[in-house]
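Asker: To be precise about what I am sending: the file is called query_26.cif and holds mmCIF, C-alpha atoms and all ligand atoms.
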```cif
data_upload
#
loop_
_atom_site.label_atom_id
_atom_site.label_comp_id
_atom_site.auth_asym_id
_atom_site.auth_seq_id
_atom_site.Cartn_x
_atom_site.Cartn_y
_atom_site.Cartn_z
CA MET A 183 21.91 39.80 -41.65
CA GLN A 184 24.26 38.92 -44.43
CA LYS A 185 27.88 38.08 -44.08
CA ALA A 186 30.30 39.32 -46.67
CA ASP A 187 32.25 36.86 -48.74
CA ASP A 188 35.50 37.67 -50.41
CA PHE A 189 34.85 39.58 -53.58
CA PHE A 190 36.88 40.88 -56.42
CA ALA A 191 36.18 44.38 -57.43
CA LYS A 192 37.35 46.72 -60.13
CA GLU A 193 39.11 50.01 -60.68
CA GLN A 194 36.66 52.35 -59.00
CA GLN A 195 36.84 50.35 -55.78
CA LYS A 196 40.43 51.36 -55.06
CA ARG A 197 39.50 54.13 -52.67
CA ARG A 198 37.46 51.90 -50.37
CA ASN A 199 39.57 50.95 -47.44
CA TRP A 200 38.39 47.36 -47.51
CA VAL A 201 39.64 46.89 -51.06
CA LYS A 202 43.19 46.22 -52.07
CA PRO A 203 44.81 44.83 -55.19
CA VAL A 204 44.92 41.06 -55.33
CA SER A 205 48.68 41.21 -55.78
CA LYS A 206 49.09 43.14 -52.51
CA HIS A 207 46.70 40.85 -50.72
CA VAL A 208 48.67 37.82 -51.76
CA LEU A 209 52.02 39.44 -50.92
CA ASP A 210 50.64 40.40 -47.52
CA ASN A 211 49.93 36.76 -47.10
CA ASN A 212 53.58 35.87 -47.80
CA GLU A 213 53.07 34.30 -51.16
CA LYS A 214 55.92 36.02 -52.87
CA ASP A 215 55.63 34.67 -56.39
CA SER A 216 51.85 34.54 -56.51
CA LYS A 217 51.35 37.77 -58.40
CA LYS A 218 52.82 36.44 -61.59
CA LYS A 219 50.73 33.32 -61.52
CA ILE A 220 47.53 35.20 -60.82
CA LEU A 221 48.05 37.59 -63.68
CA ALA A 222 48.81 34.75 -66.04
CA VAL A 223 45.55 33.07 -65.19
CA VAL A 224 43.66 36.34 -65.44
CA ASP A 225 44.87 36.91 -68.96
CA ALA A 226 43.68 33.54 -70.12
CA VAL A 227 40.32 33.50 -68.40
CA GLY A 228 39.73 37.17 -69.11
CA ALA A 229 39.81 36.52 -72.84
CA VAL A 230 37.14 33.86 -72.50
CA LEU A 231 35.00 36.04 -70.27
CA ALA A 232 35.13 38.95 -72.66
CA SER A 233 32.99 37.00 -75.08
CA TYR A 234 30.27 36.82 -72.41
CA LEU A 235 30.13 40.55 -71.68
CA ASP A 236 26.53 40.88 -72.81
CA LYS A 237 25.32 38.09 -70.50
CA PRO A 238 23.93 39.02 -67.09
CA ARG A 239 25.26 36.01 -65.17
CA VAL A 240 27.96 33.50 -65.95
CA TYR A 241 28.93 30.58 -63.78
CA ILE A 242 32.53 29.49 -64.00
CA GLY A 243 32.93 25.93 -62.89
CA CYS A 244 36.35 25.91 -61.32
CA MET A 245 37.66 24.90 -57.96
CA LYS A 246 36.52 27.13 -55.10
CA SER A 247 34.85 29.38 -57.62
CA GLY A 248 31.85 31.55 -57.10
CA GLU A 249 29.39 33.16 -59.43
CA VAL A 250 30.56 35.64 -62.00
CA PHE A 251 28.19 38.30 -63.17
CA SER A 252 28.40 41.25 -65.47
CA GLN A 253 27.41 44.75 -64.51
CA PRO A 254 26.89 47.44 -67.15
CA GLN A 255 29.85 49.82 -67.18
CA LEU A 256 31.64 47.87 -64.44
CA GLY A 257 32.58 44.76 -66.35
CA PHE A 258 32.68 41.53 -64.41
CA TRP A 259 32.34 40.77 -60.76
CA TYR A 260 33.36 37.56 -59.18
CA THR A 261 32.10 36.33 -55.86
CA PHE A 262 34.89 34.16 -54.58
CA THR A 263 33.60 31.70 -52.08
CA GLY A 264 36.91 30.08 -51.16
CA LYS A 265 39.60 31.45 -48.89
CA LEU A 266 42.21 33.48 -50.70
CA GLY A 267 45.80 33.24 -49.63
CA LYS A 268 46.49 29.61 -48.93
CA SER A 269 46.90 28.49 -52.49
CA VAL A 270 47.31 30.34 -55.73
CA ASP A 271 46.16 27.36 -57.64
CA PHE A 272 42.81 28.91 -58.33
CA GLN A 273 41.52 30.42 -61.50
CA LEU A 274 40.73 34.09 -61.38
CA PRO A 275 38.14 34.99 -63.98
CA LYS A 276 38.62 38.71 -64.43
CA VAL A 277 38.75 40.73 -67.56
CA ILE A 278 41.60 43.13 -66.98
CA ALA A 279 44.63 41.86 -65.19
CA ASP A 280 45.89 45.06 -63.65
CA GLN A 281 42.49 46.03 -62.29
CA VAL A 282 41.81 43.12 -60.03
CA PHE A 283 41.12 43.88 -56.40
CA VAL A 284 40.06 41.89 -53.45
CA ALA A 285 37.77 43.07 -50.70
CA ASP A 286 39.04 42.17 -47.31
CA ARG A 287 36.49 40.32 -45.25
CA ASP A 288 37.90 41.69 -41.99
CA SER A 289 37.64 45.37 -42.84
CA TYR A 290 34.47 45.28 -44.97
CA LYS A 291 31.35 45.25 -42.86
CA ALA A 292 28.07 45.01 -44.73
CA VAL A 293 25.92 45.75 -41.68
CA GLU A 294 27.01 47.81 -38.69
CA LEU A 295 25.06 48.74 -35.60
CA ALA A 296 25.89 51.94 -33.75
CA LYS A 297 24.32 54.61 -31.57
CA ASP A 298 23.93 58.29 -32.33
CA LYS A 299 24.77 61.00 -29.79
CA HIS A 300 21.33 60.69 -28.21
CA GLY A 301 21.86 56.97 -27.69
CA VAL A 302 19.44 56.04 -30.48
CA GLY A 303 20.35 52.85 -32.31
CA GLN A 304 21.32 53.17 -35.96
CA VAL A 305 22.07 50.62 -38.64
CA LEU A 306 24.52 51.24 -41.45
CA LEU A 307 24.24 49.12 -44.58
CA ARG A 308 27.11 49.30 -47.01
CA ASN A 309 27.52 47.46 -50.28
CA LEU A 310 30.79 46.46 -51.76
CA CYS A 311 30.87 49.42 -54.14
CA GLY A 312 30.60 51.80 -51.18
CA ALA A 313 26.94 52.81 -51.54
CA SER A 314 25.32 53.07 -48.11
CA VAL A 315 22.07 53.46 -46.22
CA ARG A 316 21.71 54.65 -42.63
CA ILE A 317 18.58 53.77 -40.69
CA SER A 318 17.50 54.98 -37.28
CA LEU A 319 15.69 52.63 -34.94
CA HIS A 320 13.68 55.66 -33.97
CA GLY A 321 10.81 55.46 -36.42
CA GLY A 322 12.55 52.81 -38.53
CA GLN A 323 13.44 55.90 -40.52
CA VAL A 324 15.99 55.87 -43.31
CA LEU A 325 18.18 58.92 -42.69
CA SER A 326 20.69 58.63 -45.46
CA TRP A 327 21.07 56.91 -48.81
CA LYS A 328 24.36 57.49 -50.58
CA THR A 329 25.73 56.44 -53.95
CA ASP A 330 29.04 54.63 -54.31
CA HIS A 331 30.58 58.10 -54.85
CA GLY A 332 29.34 59.22 -51.46
CA GLU A 333 26.66 61.51 -52.92
CA GLU A 334 23.64 61.92 -50.59
CA LEU A 335 20.33 61.24 -52.34
CA LEU A 336 17.94 62.10 -49.53
CA PHE A 337 17.25 65.49 -48.04
CA ILE A 338 17.71 66.16 -44.33
CA SER A 339 16.99 69.62 -43.02
CA SER A 340 19.87 71.52 -41.48
CA LYS A 341 17.40 72.35 -38.71
CA ALA A 342 16.37 68.74 -38.12
CA THR A 343 16.35 67.56 -34.56
CA PHE A 344 17.54 64.03 -33.96
CA LYS A 345 16.31 63.79 -30.43
CA PRO A 346 13.24 61.54 -29.98
CA PRO A 347 10.29 61.55 -29.80
CA THR A 348 9.73 63.66 -32.95
CA ALA A 349 10.65 62.28 -36.35
CA VAL A 350 13.65 63.71 -38.13
CA ARG A 351 12.76 66.25 -40.84
CA GLY A 352 13.95 64.41 -43.92
CA GLY A 353 14.97 60.93 -45.02
CA ILE A 354 12.08 58.48 -45.18
CA PRO A 355 9.73 58.69 -42.21
CA ILE A 356 6.98 56.08 -42.30
CA CYS A 357 3.44 57.35 -41.90
CA PHE A 358 1.39 54.61 -40.23
CA PRO A 359 -1.37 53.77 -39.32
CA GLN A 360 -2.71 57.15 -40.40
CA PHE A 361 -1.73 59.60 -43.12
CA GLY A 362 -1.81 63.32 -42.30
CA ASN A 363 -4.74 64.27 -40.11
CA ARG A 364 -7.21 61.81 -41.68
CA GLY A 365 -8.08 60.20 -38.36
CA ASN A 366 -7.89 60.75 -34.63
CA LEU A 367 -4.23 59.94 -34.20
CA GLU A 368 -1.32 62.35 -34.22
CA GLN A 369 -0.30 63.71 -37.63
CA HIS A 370 0.94 60.86 -39.90
CA GLY A 371 0.33 58.26 -37.18
CA TYR A 372 2.76 57.23 -34.49
CA ALA A 373 5.05 54.65 -36.13
CA ARG A 374 7.55 57.37 -37.04
CA ASN A 375 7.81 58.41 -33.39
CA ARG A 376 8.33 54.97 -31.83
CA MET A 377 11.45 52.94 -31.18
CA TRP A 378 11.71 49.92 -33.46
CA ILE A 379 13.85 46.89 -32.75
CA VAL A 380 16.10 44.79 -34.96
CA ASP A 381 14.24 41.63 -35.90
CA ASP A 382 16.80 38.83 -35.85
CA ASN A 383 14.43 36.13 -36.94
CA PRO A 384 11.88 37.49 -39.42
CA PRO A 385 9.57 35.16 -41.34
CA PRO A 386 11.10 34.38 -44.75
CA LEU A 387 10.59 36.63 -47.76
CA HIS A 388 10.87 35.86 -51.46
CA PRO A 389 14.52 35.25 -52.56
CA ASN A 390 14.32 38.39 -54.76
CA ASP A 391 14.01 40.36 -51.55
CA PHE A 392 17.42 39.31 -50.32
CA ASN A 393 19.49 37.71 -53.10
CA GLY A 394 22.55 39.86 -53.70
CA LYS A 395 21.33 42.47 -51.22
CA ILE A 396 22.51 43.72 -47.87
CA TYR A 397 19.63 44.22 -45.52
CA ILE A 398 18.29 44.65 -42.04
CA ASP A 399 14.91 43.66 -40.63
CA LEU A 400 13.17 45.91 -38.14
CA LEU A 401 10.05 45.34 -36.11
CA LEU A 402 7.44 47.53 -34.47
CA LYS A 403 4.76 46.07 -32.24
CA SER A 404 1.94 47.97 -30.62
CA THR A 405 2.49 48.50 -26.89
CA ASP A 406 -0.18 48.68 -24.20
CA ASP A 407 0.01 52.48 -24.39
CA ASP A 408 -0.42 52.38 -28.18
CA LEU A 409 -3.47 50.15 -27.80
CA LYS A 410 -5.10 52.86 -25.70
CA ILE A 411 -4.95 55.32 -28.59
CA TRP A 412 -5.41 52.80 -31.46
CA PRO A 413 -6.93 49.56 -30.19
CA HIS A 414 -5.48 47.25 -32.82
CA GLY A 415 -2.67 44.79 -32.21
CA PHE A 416 -0.22 44.61 -35.10
CA GLU A 417 3.29 43.58 -36.03
CA PHE A 418 4.98 45.83 -38.55
CA ARG A 419 8.05 44.26 -40.12
CA LEU A 420 10.26 46.47 -42.22
CA ARG A 421 13.09 45.22 -44.37
CA VAL A 422 15.50 47.86 -45.63
CA ALA A 423 17.71 46.44 -48.38
CA LEU A 424 20.60 47.88 -50.36
CA ALA A 425 21.32 46.17 -53.66
CA PHE A 426 24.62 45.73 -55.41
CA ASP A 427 23.67 48.49 -57.88
CA GLY A 428 22.92 50.91 -55.01
CA SER A 429 19.13 50.76 -55.23
CA LEU A 430 17.22 50.91 -51.99
CA THR A 431 14.20 48.76 -51.21
CA LEU A 432 11.78 49.06 -48.30
CA ILE A 433 9.45 46.14 -47.74
CA SER A 434 6.69 46.45 -45.19
CA ARG A 435 4.76 43.52 -43.81
CA ILE A 436 1.91 44.44 -41.51
CA ARG A 437 0.06 41.68 -39.69
CA ASN A 438 -3.14 41.84 -37.71
CA ILE A 439 -2.45 39.95 -34.49
CA ASN A 440 -5.75 40.93 -32.95
CA CYS A 441 -9.14 39.24 -32.99
CA LYS A 442 -10.95 41.94 -34.94
CA PRO A 443 -10.29 43.56 -38.33
CA PHE A 444 -8.58 46.94 -38.66
CA SER A 445 -7.83 49.40 -41.44
CA PHE A 446 -4.74 51.54 -41.90
CA SER A 447 -3.05 53.96 -44.26
CA ILE A 448 0.65 54.04 -44.98
CA ALA A 449 3.12 56.30 -46.77
CA TYR A 450 6.87 56.21 -47.24
CA HIS A 451 7.33 59.93 -46.84
CA THR A 452 10.45 60.17 -49.00
CA TYR A 453 12.36 63.46 -48.98
CA PHE A 454 14.40 63.38 -52.19
CA SER A 455 17.33 65.73 -52.44
CA VAL A 456 17.06 67.90 -55.56
CA SER A 457 19.31 70.61 -56.95
CA ASP A 458 16.63 73.23 -57.52
CA ILE A 459 12.92 72.53 -57.27
CA SER A 460 12.21 74.84 -60.24
CA GLU A 461 14.34 72.59 -62.44
CA VAL A 462 12.66 69.35 -61.47
CA ARG A 463 9.84 67.45 -63.12
CA VAL A 464 7.90 64.38 -62.05
CA GLU A 465 6.61 61.91 -64.60
CA GLY A 466 4.19 59.04 -64.14
CA LEU A 467 1.31 61.02 -62.64
CA GLU A 468 -0.07 62.52 -65.86
CA THR A 469 -3.87 62.32 -66.29
CA LEU A 470 -4.38 60.95 -62.77
CA ASP A 471 -6.93 62.22 -60.33
CA TYR A 472 -5.56 63.77 -57.17
CA LEU A 473 -6.87 65.07 -53.88
CA ASP A 474 -5.55 68.54 -53.19
CA ASN A 475 -4.76 69.08 -49.51
CA LEU A 476 -4.53 72.80 -50.20
CA CYS A 477 -8.21 72.81 -51.30
CA ASN A 478 -9.85 70.69 -48.59
CA ARG A 479 -8.94 67.49 -50.41
CA GLU A 480 -11.01 68.43 -53.43
CA ARG A 481 -10.57 66.04 -56.36
CA PHE A 482 -8.90 67.32 -59.56
CA THR A 483 -7.41 65.70 -62.64
CA GLU A 484 -3.78 66.27 -63.55
CA GLN A 485 -3.63 67.94 -66.94
CA GLY A 486 -0.01 68.58 -67.78
CA ASP A 487 2.50 66.28 -69.44
CA ALA A 488 4.68 66.20 -66.38
CA LEU A 489 4.53 67.83 -63.00
CA THR A 490 6.70 70.93 -62.52
CA PHE A 491 6.89 73.21 -59.49
CA GLU A 492 6.40 76.91 -58.97
CA SER A 493 4.39 77.08 -55.72
CA GLU A 494 3.34 74.98 -52.74
CA VAL A 495 2.15 71.47 -53.60
CA ASP A 496 0.38 69.05 -51.26
CA ARG A 497 -1.46 66.34 -53.17
CA VAL A 498 -2.38 62.68 -53.08
CA TYR A 499 -2.40 61.21 -56.61
CA LEU A 500 -4.76 58.25 -56.84
CA SER A 501 -4.44 54.82 -58.38
CA SER A 502 -1.11 55.46 -60.06
CA SER A 503 0.92 52.95 -62.03
CA ASP A 504 3.76 51.24 -60.23
CA VAL A 505 6.48 53.56 -61.52
CA ALA A 506 7.10 57.28 -61.21
CA ALA A 507 10.23 59.28 -61.93
CA ILE A 508 11.80 62.51 -60.73
CA PHE A 509 14.03 64.21 -63.30
CA ASP A 510 16.61 66.58 -61.89
CA HIS A 511 18.07 68.49 -64.84
CA GLU A 512 20.75 70.34 -62.96
CA LYS A 513 22.09 67.29 -61.16
CA LYS A 514 21.62 65.28 -64.35
CA ARG A 515 20.05 62.42 -62.48
CA THR A 516 16.71 60.67 -62.35
CA PHE A 517 15.12 58.97 -59.39
CA LEU A 518 12.99 55.97 -60.26
CA ILE A 519 10.28 55.08 -57.79
CA LYS A 520 8.86 51.59 -58.20
CA LYS A 521 6.16 50.36 -55.88
CA GLU A 522 3.91 47.41 -55.17
CA GLY A 523 0.77 47.45 -53.06
CA LEU A 524 0.97 51.25 -52.85
CA PRO A 525 -1.58 52.71 -55.29
CA ASP A 526 -1.25 56.36 -54.29
CA VAL A 527 1.56 58.90 -54.59
CA VAL A 528 1.90 61.91 -52.31
CA VAL A 529 3.70 64.94 -53.72
CA TRP A 530 4.69 67.61 -51.24
CA ASN A 531 6.77 70.76 -51.27
CA PRO A 532 5.95 73.45 -48.68
CA TRP A 533 7.40 76.32 -50.76
CA GLU A 534 8.42 79.67 -49.32
CA LYS A 535 5.67 80.70 -46.92
CA LYS A 536 4.95 77.29 -45.33
CA SER A 537 8.68 76.64 -44.92
CA LYS A 538 8.94 79.61 -42.59
CA ALA A 539 6.22 78.16 -40.40
CA ILE A 540 7.92 74.78 -39.96
CA ALA A 541 10.27 74.97 -36.99
CA ASP A 542 12.66 72.20 -38.05
CA PHE A 543 12.94 73.34 -41.66
CA GLY A 544 15.16 76.07 -43.11
CA ASP A 545 13.47 79.01 -44.83
CA GLU A 546 15.12 78.32 -48.18
CA GLU A 547 15.36 74.55 -47.96
CA TYR A 548 12.18 73.94 -49.94
CA LYS A 549 14.32 74.61 -53.02
CA HIS A 550 16.36 71.50 -52.42
CA MET A 551 13.80 68.86 -51.53
CA LEU A 552 10.76 67.16 -52.93
CA CYS A 553 8.63 64.56 -51.20
CA VAL A 554 7.25 61.89 -53.50
CA ASP A 555 5.78 59.08 -51.42
CA GLY A 556 4.57 55.62 -52.39
CA ALA A 557 1.41 55.33 -50.31
CA ALA A 558 -1.95 53.70 -49.68
CA ILE A 559 -4.24 56.46 -48.47
CA GLU A 560 -7.49 56.93 -50.34
CA LYS A 561 -8.61 53.34 -49.83
CA PRO A 562 -7.25 52.23 -46.45
CA ILE A 563 -6.07 48.64 -46.27
CA THR A 564 -8.19 46.31 -44.17
CA LEU A 565 -6.72 43.26 -42.48
CA LYS A 566 -8.77 40.50 -40.94
CA PRO A 567 -7.39 38.77 -37.83
CA GLY A 568 -4.21 36.89 -38.78
CA GLU A 569 -3.96 38.53 -42.21
CA GLU A 570 -0.81 40.20 -43.47
CA TRP A 571 -0.27 42.95 -46.05
CA THR A 572 2.95 43.51 -47.96
CA GLY A 573 4.03 46.73 -49.67
CA ARG A 574 7.27 47.37 -51.52
CA LEU A 575 9.07 50.54 -52.50
CA GLU A 576 12.20 50.44 -54.64
CA LEU A 577 14.21 53.59 -55.21
CA SER A 578 17.02 53.84 -57.70
CA VAL A 579 18.93 56.64 -59.33
CA THR A 580 20.33 56.85 -62.84
CA PRO A 581 22.37 59.53 -64.57
CA THR A 582 20.56 61.47 -67.31
CA SER A 583 22.32 63.23 -70.14
O1 LIG W 1 5.33 68.16 -40.78
P1 LIG W 1 4.91 66.74 -41.03
O2 LIG W 1 3.95 66.23 -40.01
O3 LIG W 1 6.09 65.82 -41.17
O4 LIG W 1 4.16 66.72 -42.40
C1 LIG W 1 4.69 67.31 -43.52
C2 LIG W 1 3.73 67.26 -44.68
O5 LIG W 1 3.56 65.93 -45.07
C3 LIG W 1 2.81 65.81 -46.26
O6 LIG W 1 2.82 64.51 -46.70
C4 LIG W 1 1.42 66.29 -46.00
O7 LIG W 1 0.62 66.11 -47.13
C5 LIG W 1 1.50 67.74 -45.60
O8 LIG W 1 0.23 68.21 -45.37
C6 LIG W 1 2.39 67.88 -44.38
O9 LIG W 1 2.54 69.24 -44.09
#
```
Show me, as C-alpha cells, the structure contained in the file I just sent.
Ligand SMILES: O=P(O)(O)OC[C@H]1O[C@@H](O)[C@H](O)[C@@H](O)[C@@H]1O
Answerer:
Amino acid sequence: MQKADDFFAKEQQKRRNWVKPVSKHVLDNNEKDSKKKILAVVDAVGAVLASYLDKPRVYIGCMKSGEVFSQPQLGFWYTFTGKLGKSVDFQLPKVIADQVFVADRDSYKAVELAKDKHGVGQVLLRNLCGASVRISLHGGQVLSWKTDHGEELLFISSKATFKPPTAVRGGIPICFPQFGNRGNLEQHGYARNRMWIVDDNPPPLHPNDFNGKIYIDLLLKSTDDDLKIWPHGFEFRLRVALAFDGSLTLISRIRNINCKPFSFSIAYHTYFSVSDISEVRVEGLETLDYLDNLCNRERFTEQGDALTFESEVDRVYLSSSDVAAIFDHEKKRTFLIKKEGLPDVVVWNPWEKKSKAIADFGDEEYKHMLCVDGAAIEKPITLKPGEEWTGRLELSVTPTS
C-alpha cells in the first residue's frame, strides 16, 4: 500500500477536504509571515516553470524538493517530500501564486479499508484529485470507479444484491476459471463468488504498475472445497490501481501451484455506465470474427465500421487488437479499454426481453449499461506447474466534443 506524501494541488482541488491553501496551512502552523515569503518565491519560480509547460516531467533541484510534473489542463504538480511548516525557507515551484494548495497528510487517505453492511470487506482507493475506486473483497470485484468530479463510470443495477455468495450485478466481476457455461463449473466460474484477501506482501511487479499509482493487492487461493470441483491449485493475485489521471488498471497474475498443468479462461466483465445504449458505439472490433452466443456460438465476421446497438448482443470477439473504445455521444465521453494478454473482447447487453428475466436487473436498465470485457476465452490459457500468467486491463475515460 502506498503512503501519501505532501502534495501541492491546484484550483480544482479546493473542494476536497484534505486540501487547503498553502497560506492557510502555514498560518495554521503559526508561521504568521510565511504567506508573503511563499508567494514571493512562487512568482519567481513560476516564471521559470512556465517555460517548461510542454515537458512531461521536470526535476527541480532545491532543498527538500520533490519531483515536478506537468499535467495537460492542470498545469504543474509538485510532490513535496519534505515536511511543510517548520521552515518557509523552501522554494515552491508553482505556476500561479494564488492557486497553490497543500494536501494534508493527516486527512488524505489514499487507501482505506472498511466493511459494508453485510460485513464484507471493501477497499477504497482515492487519488489526490479525488478520483476513487471501491473494491469488494467478495469476488475481488470493483464496484465503483469515479472521476475526480465524483461521476460514476461503472453501472450497478438498482436491484443488485450485495449479500454474498452471488456476485453483484454491475461493476467488474471477474470470470475465472471458466467463462459463461463453457465448462462444468458454475456460470462464469467461481472466483467472483469467493472471498478474496488483501495480499500484504505480493511478489514485485514492474515499476510502471505502481509508480505514481494508488493500489491494493488482493489474493484468491483455491480451498479444499474448490479443489473438489476444479482440481487445480492456483494463486490468483489481483492488483487494482488508480493512477493520478484517474485511469483504472487491473493486473491479474495467475500461478499454477499444482504438479500438473491446467487451462483456464478469464474475463473482466466490465459493466460500463452509458447514457443511452442507442447512442453508443464501440470501435476497435471492426472486421473481427466473433462467436455469437445467441446463435450457439456460431462464428461470424463483423462487417460494420463500428458496433452500434438496437437489440440484444452477446458475443465474443476474437483476437482483437489491444485497444477498443466506447463512444458515448450523449455523455460526451469515451472509454478507452487497453489490454495485454487478453486477446478476446466480450460485448453484452441483454436488451428488453432478457432484462426482464434477470432477477437482479431492472427492466429498463439495459439502456444504461454495456459490458465490454477484456478476456481470454476462445483459446484457454494453459499453465504448467510453477508457471504464471499475467493479464492487464487499463480503463480510462476522456471527454469527447
Ligand atoms: O448473469 P451472469 O451470470 O452475470 O451473466 C451475464 C452475461 O454475461 C455475459 O458475458 C454472457 O455472455 C451472457 O451470456 C450472460 O448472460
Asker: So how far away is CA of Gly544 (chain A) from CA of Thr490 (chain A), in Å?
Answerer: 21.8 Å
Asker: Using all atoms listed in the file, what are the residues with an atom within 7 Å of ligand LIG 1 (chain W), set out as an NGL selection string?
Answerer: :A and (351 or 362 or 369-370 or 451 or 475 or 496-497 or 528 or 530)
Asker: Atoms to include: C-alpha atoms. Write the selected residues as a CSV table (one decimal), in the frame of the given file.
Answerer:
```csv
chain,number,residue,atom,x,y,z
A,351,ARG,CA,12.8,66.2,-40.8
A,362,GLY,CA,-1.8,63.3,-42.3
A,369,GLN,CA,-0.3,63.7,-37.6
A,370,HIS,CA,0.9,60.9,-39.9
A,451,HIS,CA,7.3,59.9,-46.8
A,475,ASN,CA,-4.8,69.1,-49.5
A,496,ASP,CA,0.4,69.0,-51.3
A,497,ARG,CA,-1.5,66.3,-53.2
A,528,VAL,CA,1.9,61.9,-52.3
A,530,TRP,CA,4.7,67.6,-51.2
```
Asker: Please indicate the distance in Å from CA of Ile379 (chain A) to CA of Phe426 (chain A), rounded to one decimal place.
Answerer: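 According to the coordinates, CA of Ile379 (chain A) and CA of Phe426 (chain A) are separated by 25.1 Å.
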Asker: Fewer than 5 positions away in the same chain doesn't count, so skip those; otherwise give me all residues within 7 Å of region 387-397 of chain A, counting all atoms listed in the file, as a PyMOL selection string.
Answerer: chain A and resi 183-184+292+307+309+421-426
Asker: May I ask which of the residues A:Tyr499, A:Pro346, A:Ile338, A:Ser493 is the closest one to Arg481 (chain A), counting only C-alpha atoms?
Answerer: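 Using only C-alpha atoms, Arg481 (chain A) sits closest to A:Tyr499.
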Asker: Around the point (4.3, 54.2, -40.5), in the coordinates given by the file, pick out the residues reaching within 10 Å, counting only C-alpha atoms, and return them as a VMD selection string.
Answerer: chain A and resid 321 to 323 355 to 361 370 to 376 402 418 420 434 446 to 451
Asker: So that I have them on file, write out the residues from the current selection with C-alpha atoms, as a CSV table (one decimal), in the frame of the given file.
Answerer:
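So the final result, stored in out_15.csv, reads:
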```csv
chain,number,residue,atom,x,y,z
A,321,GLY,CA,10.8,55.5,-36.4
A,322,GLY,CA,12.6,52.8,-38.5
A,323,GLN,CA,13.4,55.9,-40.5
A,355,PRO,CA,9.7,58.7,-42.2
A,356,ILE,CA,7.0,56.1,-42.3
A,357,CYS,CA,3.4,57.4,-41.9
A,358,PHE,CA,1.4,54.6,-40.2
A,359,PRO,CA,-1.4,53.8,-39.3
A,360,GLN,CA,-2.7,57.2,-40.4
A,361,PHE,CA,-1.7,59.6,-43.1
A,370,HIS,CA,0.9,60.9,-39.9
A,371,GLY,CA,0.3,58.3,-37.2
A,372,TYR,CA,2.8,57.2,-34.5
A,373,ALA,CA,5.0,54.6,-36.1
A,374,ARG,CA,7.6,57.4,-37.0
A,375,ASN,CA,7.8,58.4,-33.4
A,376,ARG,CA,8.3,55.0,-31.8
A,402,LEU,CA,7.4,47.5,-34.5
A,418,PHE,CA,5.0,45.8,-38.6
A,420,LEU,CA,10.3,46.5,-42.2
A,434,SER,CA,6.7,46.4,-45.2
A,446,PHE,CA,-4.7,51.5,-41.9
A,447,SER,CA,-3.0,54.0,-44.3
A,448,ILE,CA,0.6,54.0,-45.0
A,449,ALA,CA,3.1,56.3,-46.8
A,450,TYR,CA,6.9,56.2,-47.2
A,451,HIS,CA,7.3,59.9,-46.8
```
Asker: Using the file's own x, y and z axes, so that the box edges lie along x, y and z, what centre and edge lengths in Å (one decimal) does a box around every listed atom of region 445-457 of chain A get when 8 Å is added on each side? Give it as JSON.
Answerer:
```
{"center_x": 5.7, "center_y": 60.0, "center_z": -49.2, "size_x": 43.1, "size_y": 37.2, "size_z": 31.5}
```
Asker: Find, counting all atoms listed in the file, the residue in A:Gly301, A:Gly332, A:Pro581, A:Gly353 that gets nearest to Arg316 (chain A).
Answerer: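 When distances to Arg316 (chain A) are compared using all atoms listed in the file, the smallest one comes from A:Gly353.
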Asker: Using only C-alpha atoms, which residue out of A:Leu430, A:Ala506, A:Ile436, A:Val302 lies closest to Glu569 (chain A)?
Answerer: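 Smallest separation from Glu569 (chain A) among the options: A:Ile436.
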Asker: At what distance in Å, to one decimal, does CA of Leu400 (chain A) lie from CA of Asp381 (chain A)?
Answerer: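 The value is 4.9 Å.
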Asker: Quick one: of A:Asn531, A:Arg437, A:Asp382, A:Ser429, who's nearest to Leu575 (chain A), counting only C-alpha atoms?
Answerer: A:Ser429
Asker: Please write as a list of chain:residue names the list of polymer residues whose atoms come within 10 Å of (-7.5, 56.7, -53.2), counting all atoms listed in the file and keeping to the coordinates of the file.
Answerer: A:Asp471, A:Tyr472, A:Leu473, A:Val498, A:Tyr499, A:Leu500, A:Ser501, A:Ser502, A:Pro525, A:Asp526, A:Val527, A:Ala557, A:Ala558, A:Ile559, A:Glu560, A:Lys561, A:Pro562
Asker: Here is a test: counting all atoms listed in the file, which residue of A:Cys311, A:Leu432, A:Val380, A:Leu367 is nearest to Lys410 (chain A)?
Answerer: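 Closest candidate: A:Leu367.
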Asker: Write out as number ranges by chain the residues lying within 8 Å of Asp510 (chain A), counting all atoms listed in the file and excluding same-chain residues fewer than 4 positions away.
Answerer: A: 456-458, 461-463, 514-516
Asker: Here is a test: counting all atoms listed in the file, which residue of A:Glu465, A:Asp474, A:Asp487, A:Asp406 is nearest to Ser503 (chain A)?
Answerer: A:Glu465
Asker: So which residues touch Pro443 (chain A) within 12 Å, counting only C-alpha atoms, skipping near sequence neighbours fewer than 5 positions away, as JSON, numbers by chain?
Answerer: {"A": [413, 414, 415, 416, 437, 438, 563, 564, 565, 566, 567, 568, 569, 570]}
Asker: Which polymer residues have any atom within 10 Å of an atom of Glu494 (chain A), counting only C-alpha atoms, with same-chain residues fewer than 6 positions away left out, as a list in words?
Answerer: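 Using only C-alpha atoms, the neighbours found are Leu476, Trp530, Asn531, Pro532, Trp533, Glu534, Lys535, Lys536, Ser537 and Tyr548 of chain A.
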